[in-house]
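K.L.:
Got a structure for you, written out below as structure tokens; questions coming shortly.
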Amino acid sequence: MATLQSLDIRRRSASTETPPQVRQAPVEVAKLIDVSKCIGCKACQAACLEWNDLSLSQPIGETNGTYNNPTDLTPASWTVMRYAEYENGDDLEWLIRKDGCMHCADPGCLKACPSPGAIVQYTNGIVDFVSENCIGCGYCVKGCPFNVPRISKVDNKAYKCTLCSDRVAVGQAPACAKACPTQAIYFGSKDDMIVHAEERIADLKDRGFEHAGLYNPPGVGGTHVMYVLNHADKPSLYSGLPDDPSISPLVSLWKGVVKPLSLAAIAFAGVAGFLHYITKGPNEVSEAEEHEADKLAGDKRA
Amino acid sequence: MTNSWNDIKNADVILIMGGNAAEAHPCGFKWVVEAKAHNGAKLVVVDPRFTRSAAVADFYAPIRPGTDIAFLSGVMRYLLGAGKIQQEYVKAFTNAGYIVKEGFKFEDGLFAGYDEAKKNYVDRSTWDYEFDEQGMAKVDDTLQHPRCVINLLKTHVDRYTPEMVERICGTPKDKFLKVCELIASTSTGDRSMTSMYALGWTQHTTGAQNIRSMAMIQLLLGNIGIPGGGVNALRGHSNVQGITDLALLSTSTPGYLVLPTDREATYADYMKSRRFKPQRPGQTSFWQNYEKFFVSQQKSFFGAAATKDNDWAYDYLPKFDVPYDALKIIDVMAAGQMNGLFCQGMNIMMAGPNKTKIRNGLSKLKWLVSIDPLETETARFWENHGEFNDVDPKSIQTEVFQLPATAFAEEEGSATNSSRLIQWHWKAAEGPGESRGDIQIISDLRARLRALYAKEGGAFPDPILNLAWNYSDPGNPDPAEVLKDINGYALEDVPDPADPAKLLLRAGQLLPTFGVMRDDGKTSGGCWIYTGVYTEAGNMAQRRNASDPTGKGVYPNWGFSWPANRRILYNRASADAAGKPWSERKKYMWWNGSKWTGPDVPDYAPTVPPDKAVGPFIMNQEGTARLFARTGMPDGPFPEHYEAMDAFIANPLHPKVSRNPVVRVFAADAKSFGTPDKFPIVATTYRLTEHFHYWTKNAHANAVLQPELFVEMGERLAKAKGIQSGDWVEVTSQRGSIKAKAAVTKRIRPIMVDGKPCDIVGVPIHYGFIGLTRKAHPVNTLTPPVGDVSAQTPEFKAFLVDVKKTTPPAQAAATA
């Protein structure tokens with residue numbers, strides 16, 4: 001969604017060139033979502049719709065008998081609240097989690113993206129989609145271990161939370177953090193957020209949540225959106241938050257071994273075609289073949 | 001609120017019961033989160049549903065809707081039995097030791113003095129103290145007298161054993177006792193509990209008594225008047241506290257003065273019962289000043305036309321025969337006895353109980369005026385919306401006028417929040433189209449009416465012709481001028497009573513405090529409790545000083561908190577009888593040897609020493625708080641559990657008097673109550689964070705976040721009825737039926753009541769046939785046309801229904 005702006009780029013999809021590096025790297029930022037303070041009010045969702053001018057792009061849906069609305073992330077809803085009812089022995093817990101892009105330190109989407117510069121990672125850690133460069137191939141969706149990006153049917157481009165890179169670039173917190181009435185969403189340097197999380201985790205442990213902890217999964221190099229969880233030993237309780245996320249091996253294959261092989265295969269196909277032309281001349285289509293093809297197409301149209 | 005939003009951060013225990021603060025007050029809820037994060041507070045939620053508040057609570061207990069008094073009386077029994085009360089506080093600041101008259105009794109669900117034929121307590125003479133010859137209440141300081149209040153209370157609540165609580169409320173005994181323990185932990189003087197409630201307590205036939213029960217608990221614990229304590233009503237609109245202060249109740253005038261009845265034909269009659277002499281030695285009995293407030297208000301209403309000779313224009317005030325609250329208005333309208341209705345910022349079609357009766361009433365009007373920023377169901381009651389509003393427009397002759405008004409951000413003025421804090425707000429944008437501010441609309445109406453009366457006379461034109469309207473632009477008064485009028489000013493020079501040579505106030509001067517109001521016509525003031533909000537020093541509501549010098553969350557220079565900028569009411573009670581703080585932790589206001597000091601404004605003159613024993617509860621003639629309400633409550637001086645009008649069970653305490661015996665039921669509604677044989681499921685209504693009443697369904701983003709009506713039900717009920725989440729269900733009560741999608745949830749716990757399973761369904765109120773959300777049947781199709789016996793707040797929170805699986809509404813099927 002982002003365009004060129006005053007944030008330095010660390011990494012760029014499908015590019016080998018070095019982005020400008022002359023400026024000092026700023027601190028790495030992070031958003032800390034404290035589920036123990038979250039009341040699921042959706043102020044963050046409303047703020048996201050409003051700040052990013054997405055409200056009218058998000059159709060009014062219908063209820064499916066839960067509080068999840070919209071029921072999933074969409075090209076216009078970059079964050080949604082997910083509500084899970086968990087019976088912990090005799091006690092009930094209503095685990096409410098704000099879902100959206102985790103801004104991985106090692107972003108699977110960026111790695112999977114074949115379009116140069118369609119996905120960037122800024123030096124502050126934010127992972128952003130640059131719409132002008134997006135070709136809508138959907139590889140980022142496959143590359144994301146959190147199932148976050150969504151492809152718009154309107155313009156066939158991928159969309160997700162930008163961590164309000166436009167706001168952060170001018171020293172503001174993301175809109176969701178600004179709107180949160182209970183300070184369940186904190187924003188600041190990643191180091192500070194970890195310190196703050198420790199204080200919250202101590203409080204939760206005092207209240208009997210012995211497995212309270214910070215969700216900052218190493219499988220993706222850590223994230224720039226982190227959670228304080230009452231049950232950090234079981235992240236999946238929170239509407240399927242991955243217990244141990246990592247980038248799909250297919251992405252590594254595609255970017256690793258397969259990439260040179262496929263490039264070689266493309267080159268080989270070119271060379272083979274040229275040799276075929278030289279040795280056999282152009283392919284000719286017979287009248288019978290033309291007729292057969294028309295018939296097939298006609299069948300399909302019917 | 002006795003305390004303030006900010007003060008909640010000082011609490012050690014937070015009880016959310018009769019409300020759902022996280023859902024309905026998410027912004028204020030930040031103080032709960034703050035108390036948990038930095039004061040180690042425990043959050044306890046008691047609610048029929050496991051709510052958003054419960055999601056972040058330390059402890060949750062379920063309860064059957066409409067049984068809060070049984071639960072809270074059980075808590076009182078526990079506290080008294082376990083000795084977990086703050087003895088010294090109770091002795092010093094409540095009427096625990098006051099001796100009640102002989103003849104007072106409570107038997108089989110009825111207090112003394114009940115008249116079966118009139119369905120009312122016609123003789124409340126025994127609901128009072130014994131008095132000595134000087135008119136002072138008799139008190140037994142040893143609390144031994146068998147008829148002293150605390151002993152009567154012990155007897156009264158003794159029936160509410162944990163077993164009885166479980167039987168009535170469905171709250172498992174162990175969970176109930178755990179809540180008791182947490183509450184009791186604040187009886188020590190160094191810990192406090194705050195009570196946060198809202199419509200979950202008010203919207204019952206026993207509404208006011210629900211709140212009284214909690215007030216009594218807080219008094220027993222010594223939690224009134226101290227930081228992190230109090231009984232705190234969470235108001236549902238940004239300015240509903242303001243409209244209440246300015247006479248929301250149909251029998252009040254601004255500042256909680258009382259509109260005369262038709263039995264008070266003369267001013268002398270009216271004032272006879274309003275002298276409010278102290279009933280204990282040396283007490284303030286602040287209502288002794290009633291006449292000063294009343295006369296100043298009459299001067300504000302009628303200016304020079306209110307004189308001593310005409311009893312301050314007493315005859316101009318309407319004298320009511322019966323209270324004309326919203327329910328009564330609907331009843332009169334439905335009976336065809338009303339010609340026209342103004343709905344200003346009021347969507348009565350949705351907000352009143354029993355939609356069918358309201359719609360019938362609106363259909364019988366000659367005219368209806370809707371003053372609103374939005375299209376409302378009320379203004380469109382005549383329009384056919386398929387099964388969602390199945391009317392025949394041709395058969396309705398009511399002429400409807402829609403006057404588009406500006407919304408809050410399109411006008412400036414003051415709003416008073418739950419903390420009694422009056423804050424100014426500025427205009428952010430111009431209103432759209434032909435919209436005009438409410439002040440302008442009403443001013444225009446007043447000018448036209450006045451011209452008509454001036455020209456044509458009429459039966460009694462005087463109040464309209466003489467209405468004071470001293471604004472620089474009479475057609476559209478400046479809200480600042482209106483606030484000045486409410487604050488009041490001196491009409492003439494007022495000499496200092498202490499030294500007549502000096503001037504206390506010069507003519508035209510804004511009043512600094514209600515303490516200078518006069519009953520001789522020299523001062524004017526529209527609402528005495530607001531006096532001090534706009535003084536010669538400026539508009540106090542505009543103050544935005546964010547400093548909190550003591551760190552107690554007081555912010556004395558932010559806005560203006562009525563009365564007298566006091567942030568915690570009854571703060572005298574934060575110190576013991578000798579004026580010493582109960583504890584260092586809860587230190588707030590104390591006697592420093594020469595005056596009362598601390599971060600707040602004291603309850604009375606700061607130089608009155610503790611040995612004068614002036615009580616903090618200055619509005620009561622006895623200066624103490626009332627565990628025994630005397631004659632103030634129409635259904636008894638102690639709270640008692642009565643079933644809702646749609647009673648789920650026969651009241652186990654007194655089956656013959658199952659429901660509140662003084663409920664007002666209109667003849668037209670005699671058959672509108674349901675019984676559990678036909679309607680075996682308990683229903684309650686509630687609000688969702690994503691919506692604000694019936695407004696935000698017009699806003700796209702809000703409609704996205706909660707697009708459609710649903711009905712929440714527990715898994716036990718859903719299984720029995722073969723219903724799954726997302727299925728269409730029909731919910732039927734004695735009043736009517738609606739269709740909604742099912743939301744099957746674990747959050748409505750299966751409970752047992754009086755030996756049988758009690759299933760509960762919950763329905764959010766927001767959806768209707770106007771707006772961007774999916775069209776829906778108004779939920780008040782289901783609710784009973786009856787109100788709280790004290791305030792006539794409709795019983796929206798507890799009624800009976802049946803539920804079955806059904807087909808989608810015709811229109812929904814077509815659009816799906």
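In the structure tokens, chains take letters A, B, ... by order of appearance, with residues numbered from 1 within each chain and ligands from 1 in the order shown.
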Taking only C-alpha atoms into account, report as a PyMOL selection string which residues of chain A lie within 8 Å of chain B.

P.N.:
chain A and resi 36-42+45-46+49-50+55-56+58-67+69-70+85+92-95+181-183+200+203+207

K.L.:
Would you pick out the contacts of Thr162 in chain A at 9 Å or less, using only C-alpha atoms, so that residues sharing its chain but fewer than 2 positions from it are not included, and give the list as a VMD selection string?

P.N.:
chain A and resid 1 to 2 78 101 103 126 to 129 159 to 160 164 to 166 174

K.L.:
Just N, CA and C atoms for this one: save the residues we selected as a compact mmCIF listing (two decimals), in the first residue's frame.

P.N.:
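Below you can see result08.txt, which holds the result:
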```
# COMPACT_ATOMS: atom_id res chain seq x y z
N MET A 1 0.84 -1.19 0.00
CA MET A 1 0.00 0.00 0.00
C MET A 1 0.88 1.25 0.00
N ALA A 2 2.05 1.07 0.56
CA ALA A 2 2.91 2.26 0.72
C ALA A 2 3.53 2.66 -0.61
N TRP A 78 -7.53 -4.84 7.33
CA TRP A 78 -6.16 -5.29 7.55
C TRP A 78 -5.93 -5.80 8.95
N CYS A 101 -0.98 -8.38 10.22
CA CYS A 101 0.41 -8.65 9.86
C CYS A 101 1.32 -8.59 11.08
N HIS A 103 4.66 -8.46 10.84
CA HIS A 103 5.90 -7.74 10.48
C HIS A 103 7.14 -8.52 10.93
N ILE A 126 9.45 -2.53 9.76
CA ILE A 126 8.13 -2.63 9.14
C ILE A 126 8.25 -3.30 7.77
N VAL A 127 7.35 -4.23 7.51
CA VAL A 127 7.27 -4.87 6.20
C VAL A 127 6.08 -4.26 5.46
N ASP A 128 6.34 -3.74 4.27
CA ASP A 128 5.30 -2.97 3.59
C ASP A 128 5.13 -3.45 2.15
N PHE A 129 3.91 -3.37 1.67
CA PHE A 129 3.62 -3.71 0.27
C PHE A 129 3.61 -2.42 -0.54
N TYR A 159 -2.86 -6.77 -0.28
CA TYR A 159 -2.98 -5.76 0.78
C TYR A 159 -2.82 -6.39 2.15
N LYS A 160 -2.29 -5.59 3.08
CA LYS A 160 -2.18 -6.01 4.48
C LYS A 160 -1.80 -4.80 5.31
N CYS A 164 0.98 1.19 9.82
CA CYS A 164 0.86 2.64 9.61
C CYS A 164 2.23 3.24 9.34
N SER A 165 2.93 2.69 8.33
CA SER A 165 4.28 3.18 8.02
C SER A 165 4.26 4.68 7.73
N ASP A 166 3.10 5.18 7.21
CA ASP A 166 3.01 6.62 6.97
C ASP A 166 3.00 7.41 8.27
N PRO A 174 0.93 3.84 15.31
CA PRO A 174 -0.12 3.36 14.39
C PRO A 174 -1.51 3.75 14.88
```

K.L.:
What does the distance from CA of Cys169 in chain B to CA of Ile63 in chain B come to in Å, to one decimal?

P.N.:
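The value is 5.3 Å.
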
K.L.:
Rounded to one decimal, what separation in Å do you get between CA of Phe388 in chain B and CA of Trp695 in chain B?

P.N.:
17.9 Å

K.L.:
For Ser419 in chain B, work out the shell of residues within 9 Å, counting only C-alpha atoms and skipping chain neighbours fewer than 4 positions away, then give it as a list in words.

P.N.:
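Near Ser419 in chain B, the qualifying residues are Met1, Thr2, Asn3, Ser4, Trp5, Asn6, Asn232, Ala233, Leu234, Gln241, Ser561, Trp562, Arg567 and Ile568 of chain B.
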
K.L.:
Mind the document's chain letters and residue numbers, and return as a ChimeraX atom specification the residues of range 163-269 of chain B that DSSP labels alpha helix (DSSP H).

P.N.:
/B:163-169,173-184,199-202,207-221,240-245,267-269

K.L.:
CA of Ala175 in chain A to CA of Pro116 in chain A: how many Å, to one decimal?

P.N.:
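Separation of CA of Ala175 in chain A and CA of Pro116 in chain A: 28.7 Å.
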
K.L.:
Got a sec: who's within 7 Å of range 110-112 of chain A, counting only C-alpha atoms, leaving out chain neighbours fewer than 2 positions off, as a list in words?

P.N.:
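Everything that qualifies: Ser13, Pro107, Gly108, Pro114, Ile119, Val120, Tyr139, Cys140, Gly143 and Val251 of chain A.
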
K.L.:
Write out, as a CSV table (one decimal), in the first residue's frame, the residues just selected, with all heavy atoms.

P.N.:
```csv
chain,number,residue,atom,x,y,z
A,13,SER,N,11.9,-7.0,-2.3
A,13,SER,CA,11.6,-8.3,-2.9
A,13,SER,C,12.3,-8.4,-4.3
A,13,SER,O,12.4,-7.5,-5.0
A,13,SER,CB,10.1,-8.5,-3.0
A,13,SER,OG,9.6,-7.4,-3.7
A,107,PRO,N,10.7,-12.0,6.7
A,107,PRO,CA,9.3,-12.0,6.2
A,107,PRO,C,9.2,-13.0,5.0
A,107,PRO,O,9.9,-12.9,4.0
A,107,PRO,CB,9.1,-10.6,5.7
A,107,PRO,CG,10.4,-9.9,5.8
A,107,PRO,CD,11.4,-10.8,6.3
A,108,GLY,N,8.3,-14.0,5.2
A,108,GLY,CA,8.1,-15.0,4.2
A,108,GLY,C,7.5,-14.4,3.0
A,108,GLY,O,7.7,-14.9,1.8
A,114,PRO,N,7.9,-12.4,-6.3
A,114,PRO,CA,8.8,-12.5,-7.5
A,114,PRO,C,8.9,-11.1,-8.1
A,114,PRO,O,9.6,-10.9,-9.1
A,114,PRO,CB,8.0,-13.4,-8.4
A,114,PRO,CG,6.6,-13.2,-8.0
A,114,PRO,CD,6.5,-12.8,-6.6
A,119,ILE,N,7.5,-5.8,-2.3
A,119,ILE,CA,7.5,-5.9,-0.8
A,119,ILE,C,8.8,-5.4,-0.3
A,119,ILE,O,9.9,-5.8,-0.9
A,119,ILE,CB,7.2,-7.3,-0.4
A,119,ILE,CG1,5.9,-7.8,-0.9
A,119,ILE,CG2,7.2,-7.4,1.1
A,119,ILE,CD1,5.5,-9.2,-0.5
A,120,VAL,N,8.8,-4.5,0.6
A,120,VAL,CA,10.0,-4.0,1.2
A,120,VAL,C,10.0,-4.1,2.7
A,120,VAL,O,8.9,-4.2,3.3
A,120,VAL,CB,10.2,-2.5,0.9
A,120,VAL,CG1,10.3,-2.2,-0.6
A,120,VAL,CG2,9.0,-1.6,1.4
A,139,TYR,N,1.9,-15.0,-4.4
A,139,TYR,CA,2.9,-15.7,-3.8
A,139,TYR,C,3.1,-15.3,-2.3
A,139,TYR,O,3.5,-16.1,-1.4
A,139,TYR,CB,4.3,-15.6,-4.5
A,139,TYR,CG,4.3,-16.4,-5.8
A,139,TYR,CD1,3.2,-16.8,-6.4
A,139,TYR,CD2,5.6,-16.7,-6.4
A,139,TYR,CE1,3.2,-17.5,-7.6
A,139,TYR,CE2,5.6,-17.4,-7.6
A,139,TYR,CZ,4.5,-17.8,-8.2
A,139,TYR,OH,4.5,-18.5,-9.4
A,140,CYS,N,2.9,-14.0,-2.0
A,140,CYS,CA,3.1,-13.5,-0.6
A,140,CYS,C,2.1,-14.3,0.3
A,140,CYS,O,2.4,-14.5,1.5
A,140,CYS,CB,2.9,-12.0,-0.6
A,140,CYS,SG,1.3,-11.5,-1.3
A,143,GLY,N,3.6,-17.4,1.0
A,143,GLY,CA,4.8,-17.3,1.8
A,143,GLY,C,4.6,-16.9,3.2
A,143,GLY,O,5.5,-17.1,4.1
A,251,VAL,N,8.9,-21.9,-0.1
A,251,VAL,CA,9.5,-20.6,-0.4
A,251,VAL,C,11.0,-20.7,-0.5
A,251,VAL,O,11.6,-20.2,-1.4
A,251,VAL,CB,9.0,-19.6,0.6
A,251,VAL,CG1,9.8,-18.2,0.4
A,251,VAL,CG2,7.5,-19.3,0.6
```

K.L.:
Which polymer residues have any atom within 9 Å of an atom of range 252-254 of chain B, counting only C-alpha atoms, with same-chain residues fewer than 4 positions away left out, as a PDB file with N, CA, C and O atoms, in the first residue's frame?

P.N.:
```pdb
ATOM      1  N   ILE B 243     -28.573  15.774  31.279  1.00  0.00           N
ATOM      2  CA  ILE B 243     -30.026  15.901  31.104  1.00  0.00           C
ATOM      3  C   ILE B 243     -30.747  15.474  32.380  1.00  0.00           C
ATOM      4  O   ILE B 243     -31.791  16.024  32.725  1.00  0.00           O
ATOM      5  N   THR B 244     -30.161  14.538  33.120  1.00  0.00           N
ATOM      6  CA  THR B 244     -30.758  14.149  34.401  1.00  0.00           C
ATOM      7  C   THR B 244     -30.710  15.330  35.375  1.00  0.00           C
ATOM      8  O   THR B 244     -31.688  15.626  36.044  1.00  0.00           O
ATOM      9  N   ASP B 245     -29.570  15.995  35.420  1.00  0.00           N
ATOM     10  CA  ASP B 245     -29.431  17.151  36.308  1.00  0.00           C
ATOM     11  C   ASP B 245     -30.413  18.259  35.934  1.00  0.00           C
ATOM     12  O   ASP B 245     -30.887  18.999  36.773  1.00  0.00           O
ATOM     13  N   LEU B 246     -30.681  18.366  34.625  1.00  0.00           N
ATOM     14  CA  LEU B 246     -31.555  19.438  34.145  1.00  0.00           C
ATOM     15  C   LEU B 246     -32.998  18.941  33.989  1.00  0.00           C
ATOM     16  O   LEU B 246     -33.708  19.379  33.098  1.00  0.00           O
ATOM     17  N   ALA B 247     -33.404  17.979  34.834  1.00  0.00           N
ATOM     18  CA  ALA B 247     -34.811  17.567  34.924  1.00  0.00           C
ATOM     19  C   ALA B 247     -35.248  16.588  33.856  1.00  0.00           C
ATOM     20  O   ALA B 247     -36.203  16.807  33.122  1.00  0.00           O
ATOM     21  N   LEU B 248     -34.570  15.474  33.783  1.00  0.00           N
ATOM     22  CA  LEU B 248     -35.022  14.362  32.946  1.00  0.00           C
ATOM     23  C   LEU B 248     -36.321  13.775  33.493  1.00  0.00           C
ATOM     24  O   LEU B 248     -37.242  13.459  32.762  1.00  0.00           O
ATOM     25  N   VAL B 258     -38.437  19.689  43.019  1.00  0.00           N
ATOM     26  CA  VAL B 258     -39.607  18.849  42.762  1.00  0.00           C
ATOM     27  C   VAL B 258     -40.727  19.669  42.130  1.00  0.00           C
ATOM     28  O   VAL B 258     -41.066  20.748  42.616  1.00  0.00           O
ATOM     29  N   LEU B 259     -41.270  19.133  41.066  1.00  0.00           N
ATOM     30  CA  LEU B 259     -42.427  19.766  40.431  1.00  0.00           C
ATOM     31  C   LEU B 259     -43.634  19.575  41.351  1.00  0.00           C
ATOM     32  O   LEU B 259     -43.833  18.484  41.876  1.00  0.00           O
ATOM     33  N   PRO B 260     -44.431  20.627  41.557  1.00  0.00           N
ATOM     34  CA  PRO B 260     -45.578  20.489  42.467  1.00  0.00           C
ATOM     35  C   PRO B 260     -46.621  19.523  41.926  1.00  0.00           C
ATOM     36  O   PRO B 260     -46.753  19.342  40.714  1.00  0.00           O
ATOM     37  N   GLN B 297     -34.469  29.709  40.970  1.00  0.00           N
ATOM     38  CA  GLN B 297     -34.850  29.043  39.723  1.00  0.00           C
ATOM     39  C   GLN B 297     -36.070  29.719  39.077  1.00  0.00           C
ATOM     40  O   GLN B 297     -36.096  29.938  37.865  1.00  0.00           O
ATOM     41  N   GLY B 526     -30.583  28.861  37.317  1.00  0.00           N
ATOM     42  CA  GLY B 526     -31.472  27.860  36.741  1.00  0.00           C
ATOM     43  C   GLY B 526     -31.327  26.479  37.343  1.00  0.00           C
ATOM     44  O   GLY B 526     -32.268  25.692  37.325  1.00  0.00           O
ATOM     45  N   CYS B 527     -30.150  26.174  37.866  1.00  0.00           N
ATOM     46  CA  CYS B 527     -29.918  24.813  38.373  1.00  0.00           C
ATOM     47  C   CYS B 527     -28.850  24.906  39.454  1.00  0.00           C
ATOM     48  O   CYS B 527     -27.660  24.928  39.147  1.00  0.00           O
ATOM     49  N   TRP B 528     -29.302  24.969  40.706  1.00  0.00           N
ATOM     50  CA  TRP B 528     -28.388  25.344  41.790  1.00  0.00           C
ATOM     51  C   TRP B 528     -27.131  24.486  41.860  1.00  0.00           C
ATOM     52  O   TRP B 528     -26.059  24.984  42.168  1.00  0.00           O
ATOM     53  N   ILE B 529     -27.254  23.190  41.551  1.00  0.00           N
ATOM     54  CA  ILE B 529     -26.062  22.341  41.705  1.00  0.00           C
ATOM     55  C   ILE B 529     -24.969  22.708  40.685  1.00  0.00           C
ATOM     56  O   ILE B 529     -23.810  22.361  40.871  1.00  0.00           O
TER      57      ILE B 529
END
```

K.L.:
Restricting the calculation to only C-alpha atoms, which member of B:Ile751, B:Val729, B:Leu491, B:Ile226 is positioned closest to Trp590 in chain B?

P.N.:
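Answer, going by the shortest atom-to-atom distance: B:Ile226.
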
K.L.:
Skipping near chain neighbours, those fewer than 5 positions away, what residues fall within 12 Å of range 221-226 of chain A using only C-alpha atoms, listed as a PyMOL selection string?

P.N.:
chain A and resi 27-35+97-108+121-127+145-146+161-163+174+177+184-191+193-194+196-197+213-216+232+235+241+244-247

K.L.:
Fewer than 4 positions away in the same chain doesn't count, so skip those; otherwise give me all residues within 12 Å of Gln21 in chain A, counting only C-alpha atoms, as a list of chain:residue names.

P.N.:
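Once the adjacent positions are removed, what remains is A:Leu7, A:Asp8, A:Ile9, A:Arg10, A:Arg11, A:Glu17, A:Ala25, A:Pro26, A:Tyr122, A:Thr123.
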
K.L.:
Residues as selected, C-alpha atoms, written as an mmCIF file, in the first residue's frame, can you do that?

P.N.:
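That gives us out-v2.cif:
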```cif
data_model
loop_
_atom_site.group_PDB
_atom_site.id
_atom_site.type_symbol
_atom_site.label_atom_id
_atom_site.label_comp_id
_atom_site.auth_asym_id
_atom_site.auth_seq_id
_atom_site.Cartn_x
_atom_site.Cartn_y
_atom_site.Cartn_z
ATOM 1 C CA LEU A 7 11.806 5.362 5.595
ATOM 2 C CA ASP A 8 15.019 3.623 4.650
ATOM 3 C CA ILE A 9 14.697 0.226 3.058
ATOM 4 C CA ARG A 10 16.620 -2.747 4.349
ATOM 5 C CA ARG A 11 15.340 -5.376 1.962
ATOM 6 C CA GLU A 17 20.611 -4.307 -5.638
ATOM 7 C CA ALA A 25 19.467 2.919 10.935
ATOM 8 C CA PRO A 26 16.726 4.129 13.280
ATOM 9 C CA TYR A 122 12.312 -0.839 6.234
ATOM 10 C CA THR A 123 15.251 -0.520 8.531
#
```
